[in-house]
Amino acid sequence: MLLLYPIIVNQMKAAVQFSDEECCGFLFGMEEEGNVRTISAIMSAKNMSSFNKRETFEISAEDYMDAENFADRNHLKLLGIYHSHVGCPASPSEYDRVAAQPFFSYVILSIVENTVAEMRSWTINDEFKFEEEPISIININQQIHGYRNHSNSAA
Amino acid sequence: MATVIIPTPLRKFTNNTARLNVQAKTVSDMIQILITQFPDLRKHLLDASGSVPSFINIFVNDDDIRNLQREQTVVMEGATVSIVPAIAGGRPL
């Protein structure tokens, strides 16, 4: 399960929703037993894709190494990647699957008319197939609400 | 001896070890040593043809081995070898 603070959701939305190109970045936080991951920081990255940036993204090796160093310096774990799909669902593509790394959470935000219409998270299993990872939002009273039951909050 | 930096996604295969000291003459030797020690790394460091997969970058110090002699790149004493996953993807086509 991926636990997100509202400020993290807002930061991701702000990073992606007004761009006509795919946007991307890193997710940092802590992991507890039972694959419960709490994201406490994000870092946006430049889309370096040499293909159509509306349809693809790529993060440079330099940005990746910066993200690993950021995690080390701040005693956090690099837990995953977020990226946007412009005008299509928040489901992973074949390109996402082929490039996916083990362990990472892949948060995909679907952008429709400059609004986040859907946000879902995925992890790749040992057979290199994506499995959906539930997302929950932490409210200020530390109560947890299922994100997809409160999908209006993403818009 | 060289220091190999394991990226976070692959640490589940190295008992969560982030840095390993390896005595290797080339990157190819280094990969074989890693795979011998941690067999589950094989499918992530080598493709079916025995080459480094396209979604894995390897740097010897600051140099991408694809700009050097690829897997035959020499690993000098004291070098830092970074394994860096290529992060990429895109929307459904």
# chains A, B, ... in the order shown; residues from 1 in each chain; ligands from 1

$ select_by_dssp --residues "segment 58-126 of chain A" --states "strand (DSSP E or B)" --output "PyMOL selection string"
chain A and resi 58-59+77-86+105-112+115-124

$ interface_residues --of "chain B" --to "chain A" --cutoff "7 Å" --atoms "only C-alpha atoms" --output "short mmCIF file (atom, residue, chain, number, x, y, z; two decimals) with N, CA, C and O atoms, in the first residue's frame"
data_model
loop_
_atom_site.label_atom_id
_atom_site.label_comp_id
_atom_site.auth_asym_id
_atom_site.auth_seq_id
_atom_site.Cartn_x
_atom_site.Cartn_y
_atom_site.Cartn_z
N THR B 8 18.88 1.43 -5.62
CA THR B 8 17.83 1.00 -4.69
C THR B 8 16.99 -0.17 -5.24
O THR B 8 16.75 -1.14 -4.50
N PRO B 9 16.52 -0.13 -6.50
CA PRO B 9 15.63 -1.22 -6.95
C PRO B 9 16.28 -2.59 -6.94
O PRO B 9 15.58 -3.60 -6.89
N LEU B 10 17.61 -2.65 -7.02
CA LEU B 10 18.29 -3.95 -7.08
C LEU B 10 18.81 -4.40 -5.73
O LEU B 10 19.33 -5.51 -5.60
N PHE B 55 17.97 -1.03 -20.45
CA PHE B 55 17.44 -0.20 -19.37
C PHE B 55 18.33 -0.21 -18.13
O PHE B 55 17.90 0.16 -17.05
N VAL B 84 23.11 2.11 -12.81
CA VAL B 84 22.05 3.13 -12.81
C VAL B 84 20.90 2.67 -13.71
O VAL B 84 21.08 2.53 -14.92
N ALA B 86 17.85 2.88 -16.10
CA ALA B 86 17.28 3.90 -16.99
C ALA B 86 15.79 3.99 -16.69
O ALA B 86 15.07 3.01 -16.81
N ILE B 87 15.36 5.16 -16.27
CA ILE B 87 13.96 5.34 -15.89
C ILE B 87 13.22 5.94 -17.08
O ILE B 87 13.54 7.05 -17.53
N ALA B 88 12.27 5.20 -17.61
CA ALA B 88 11.56 5.65 -18.81
C ALA B 88 10.20 4.99 -18.87
O ALA B 88 9.90 4.07 -18.12
N GLY B 89 9.37 5.46 -19.78
CA GLY B 89 8.06 4.87 -19.97
C GLY B 89 7.20 5.79 -20.82
O GLY B 89 7.69 6.71 -21.46
N GLY B 90 5.91 5.51 -20.79
CA GLY B 90 5.02 6.35 -21.58
C GLY B 90 3.62 5.82 -21.59
O GLY B 90 3.33 4.75 -21.05
N ARG B 91 2.75 6.59 -22.23
CA ARG B 91 1.34 6.24 -22.19
C ARG B 91 1.06 5.06 -23.13
O ARG B 91 1.86 4.76 -24.03
N PRO B 92 -0.08 4.41 -22.94
CA PRO B 92 -0.45 3.32 -23.84
C PRO B 92 -0.47 3.79 -25.29
O PRO B 92 -0.98 4.87 -25.59
#

$ atom_distance --atom1 "atom CA of Ile111 of chain A" --atom2 "atom CA of Ala14 of chain A"
11.4 Å

$ residues_around --residues "Pro39 of chain B" --least-positions-apart "6" --cutoff "10 Å" --atoms "only C-alpha atoms" --output "ChimeraX atom specification"
/B:13-14,32-33

$ write_last_selection --atoms "C-alpha atoms" --output "tab-separated table (two decimals), in the first residue's frame"
chain	number	residue	atom	x	y	z
B	13	PHE	CA	18.77	-8.92	-4.49
B	14	THR	CA	21.93	-7.94	-2.54
B	32	GLN	CA	30.01	-12.19	-13.24
B	33	ILE	CA	31.27	-11.76	-9.67

$ residues_around --residues "Lys25 of chain B" --least-positions-apart "6" --cutoff "8 Å" --atoms "only C-alpha atoms" --output "ChimeraX atom specification"
/B:74-76

$ write_last_selection --atoms "N, CA, C and O atoms" --output "tab-separated table (two decimals), in the first residue's frame"
chain	number	residue	atom	x	y	z
B	74	VAL	N	37.77	-1.41	-18.74
B	74	VAL	CA	38.66	-1.76	-17.63
B	74	VAL	C	38.19	-1.07	-16.35
B	74	VAL	O	37.79	0.10	-16.36
B	75	VAL	N	38.21	-1.82	-15.27
B	75	VAL	CA	37.88	-1.27	-13.95
B	75	VAL	C	39.20	-1.07	-13.20
B	75	VAL	O	39.84	-2.04	-12.79
B	76	MET	N	39.59	0.18	-13.07
B	76	MET	CA	40.88	0.48	-12.43
B	76	MET	C	40.78	0.30	-10.92
B	76	MET	O	39.70	0.40	-10.33

$ select_by_dssp --residues "segment 25-147 of chain A" --states "helix (DSSP H, G or I)" --output "list of chain:residue names"
A:Ala61, A:Glu62, A:Asp63, A:Tyr64, A:Met65, A:Asp66, A:Ala67, A:Glu68, A:Asn69, A:Phe70, A:Ala71, A:Asp72, A:Arg73, A:Glu94, A:Tyr95, A:Asp96, A:Arg97, A:Val98, A:Ala99, A:Tyr147

$ atom_distance --atom1 "atom CA of Asn114 of chain A" --atom2 "atom CA of Ala45 of chain A"
19.2 Å

$ residues_around --residues "Ser54 of chain B" --least-positions-apart "2" --cutoff "10 Å" --atoms "only C-alpha atoms" --output "PDB file with N, CA, C and O atoms, in the first residue's frame"
ATOM      1  N   ALA A  99      10.338  -1.076 -19.274  1.00  0.00           N
ATOM      2  CA  ALA A  99      11.362  -0.263 -18.599  1.00  0.00           C
ATOM      3  C   ALA A  99      11.276  -0.341 -17.078  1.00  0.00           C
ATOM      4  O   ALA A  99      12.146   0.188 -16.390  1.00  0.00           O
TER       5      ALA A  99
ATOM      6  N   LEU B  45      20.873  -7.720 -14.841  1.00  0.00           N
ATOM      7  CA  LEU B  45      22.150  -7.178 -15.317  1.00  0.00           C
ATOM      8  C   LEU B  45      22.567  -7.728 -16.676  1.00  0.00           C
ATOM      9  O   LEU B  45      23.447  -7.155 -17.325  1.00  0.00           O
ATOM     10  N   LEU B  46      21.942  -8.836 -17.088  1.00  0.00           N
ATOM     11  CA  LEU B  46      22.277  -9.420 -18.394  1.00  0.00           C
ATOM     12  C   LEU B  46      21.002  -9.777 -19.140  1.00  0.00           C
ATOM     13  O   LEU B  46      20.062 -10.322 -18.543  1.00  0.00           O
ATOM     14  N   ASP B  47      20.978  -9.476 -20.439  1.00  0.00           N
ATOM     15  CA  ASP B  47      19.834  -9.906 -21.245  1.00  0.00           C
ATOM     16  C   ASP B  47      20.105 -11.296 -21.828  1.00  0.00           C
ATOM     17  O   ASP B  47      21.113 -11.940 -21.492  1.00  0.00           O
ATOM     18  N   SER B  51      24.403  -9.500 -22.771  1.00  0.00           N
ATOM     19  CA  SER B  51      24.832  -8.102 -22.717  1.00  0.00           C
ATOM     20  C   SER B  51      24.065  -7.362 -21.619  1.00  0.00           C
ATOM     21  O   SER B  51      23.010  -7.825 -21.156  1.00  0.00           O
ATOM     22  N   VAL B  52      24.575  -6.198 -21.249  1.00  0.00           N
ATOM     23  CA  VAL B  52      23.868  -5.358 -20.289  1.00  0.00           C
ATOM     24  C   VAL B  52      22.581  -4.867 -20.953  1.00  0.00           C
ATOM     25  O   VAL B  52      22.618  -4.340 -22.070  1.00  0.00           O
ATOM     26  N   ILE B  56      19.580  -0.648 -18.313  1.00  0.00           N
ATOM     27  CA  ILE B  56      20.573  -0.532 -17.243  1.00  0.00           C
ATOM     28  C   ILE B  56      21.782   0.217 -17.807  1.00  0.00           C
ATOM     29  O   ILE B  56      22.298  -0.132 -18.880  1.00  0.00           O
ATOM     30  N   ASN B  57      22.188   1.264 -17.100  1.00  0.00           N
ATOM     31  CA  ASN B  57      23.412   1.984 -17.448  1.00  0.00           C
ATOM     32  C   ASN B  57      24.479   1.648 -16.414  1.00  0.00           C
ATOM     33  O   ASN B  57      24.171   1.497 -15.230  1.00  0.00           O
ATOM     34  N   PRO B  85      19.739   2.398 -13.125  1.00  0.00           N
ATOM     35  CA  PRO B  85      18.612   2.011 -13.985  1.00  0.00           C
ATOM     36  C   PRO B  85      18.157   3.176 -14.855  1.00  0.00           C
ATOM     37  O   PRO B  85      18.121   4.323 -14.405  1.00  0.00           O
ATOM     38  N   ALA B  86      17.847   2.877 -16.103  1.00  0.00           N
ATOM     39  CA  ALA B  86      17.280   3.901 -16.985  1.00  0.00           C
ATOM     40  C   ALA B  86      15.790   3.991 -16.686  1.00  0.00           C
ATOM     41  O   ALA B  86      15.066   3.007 -16.809  1.00  0.00           O
TER      42      ALA B  86
END

$ closest_residue --among "A:Leu76, A:Met30, A:Val36, A:Ile137" --to "Tyr5 of chain A" --atoms "only C-alpha atoms"
A:Ile137

$ residues_around --residues "Ala24 of chain B" --least-positions-apart "2" --cutoff "8 Å" --atoms "only C-alpha atoms" --output "PyMOL selection string"
chain B and resi 1-2+22+26-27+29-30+33+75

$ write_last_selection --atoms "N, CA and C atoms" --output "mmCIF file, in the first residue's frame"
data_model
loop_
_atom_site.group_PDB
_atom_site.id
_atom_site.type_symbol
_atom_site.label_atom_id
_atom_site.label_comp_id
_atom_site.auth_asym_id
_atom_site.auth_seq_id
_atom_site.Cartn_x
_atom_site.Cartn_y
_atom_site.Cartn_z
ATOM 1 N N MET B 1 40.862 -3.200 -5.966
ATOM 2 C CA MET B 1 39.485 -3.321 -5.509
ATOM 3 C C MET B 1 38.678 -2.104 -5.981
ATOM 4 N N ALA B 2 37.491 -2.356 -6.511
ATOM 5 C CA ALA B 2 36.585 -1.281 -6.929
ATOM 6 C C ALA B 2 35.343 -1.309 -6.047
ATOM 7 N N VAL B 22 34.549 -5.075 -4.968
ATOM 8 C CA VAL B 22 34.736 -6.170 -5.920
ATOM 9 C C VAL B 22 36.119 -6.051 -6.561
ATOM 10 N N THR B 26 37.537 -6.090 -15.452
ATOM 11 C CA THR B 26 36.648 -5.435 -16.414
ATOM 12 C C THR B 26 35.224 -5.402 -15.852
ATOM 13 N N VAL B 27 34.365 -4.643 -16.531
ATOM 14 C CA VAL B 27 32.960 -4.600 -16.133
ATOM 15 C C VAL B 27 32.328 -5.984 -16.274
ATOM 16 N N ASP B 29 33.810 -8.868 -15.890
ATOM 17 C CA ASP B 29 34.228 -9.641 -14.712
ATOM 18 C C ASP B 29 33.396 -9.241 -13.493
ATOM 19 N N MET B 30 33.218 -7.943 -13.353
ATOM 20 C CA MET B 30 32.473 -7.438 -12.187
ATOM 21 C C MET B 30 31.056 -8.001 -12.163
ATOM 22 N N ILE B 33 31.049 -11.624 -11.125
ATOM 23 C CA ILE B 33 31.268 -11.760 -9.675
ATOM 24 C C ILE B 33 29.979 -11.441 -8.919
ATOM 25 N N VAL B 75 38.207 -1.822 -15.267
ATOM 26 C CA VAL B 75 37.884 -1.271 -13.947
ATOM 27 C C VAL B 75 39.204 -1.073 -13.202
#

$ atom_distance --atom1 "atom CA of Phe28 of chain A" --atom2 "atom CA of Phe51 of chain A"
27.3 Å
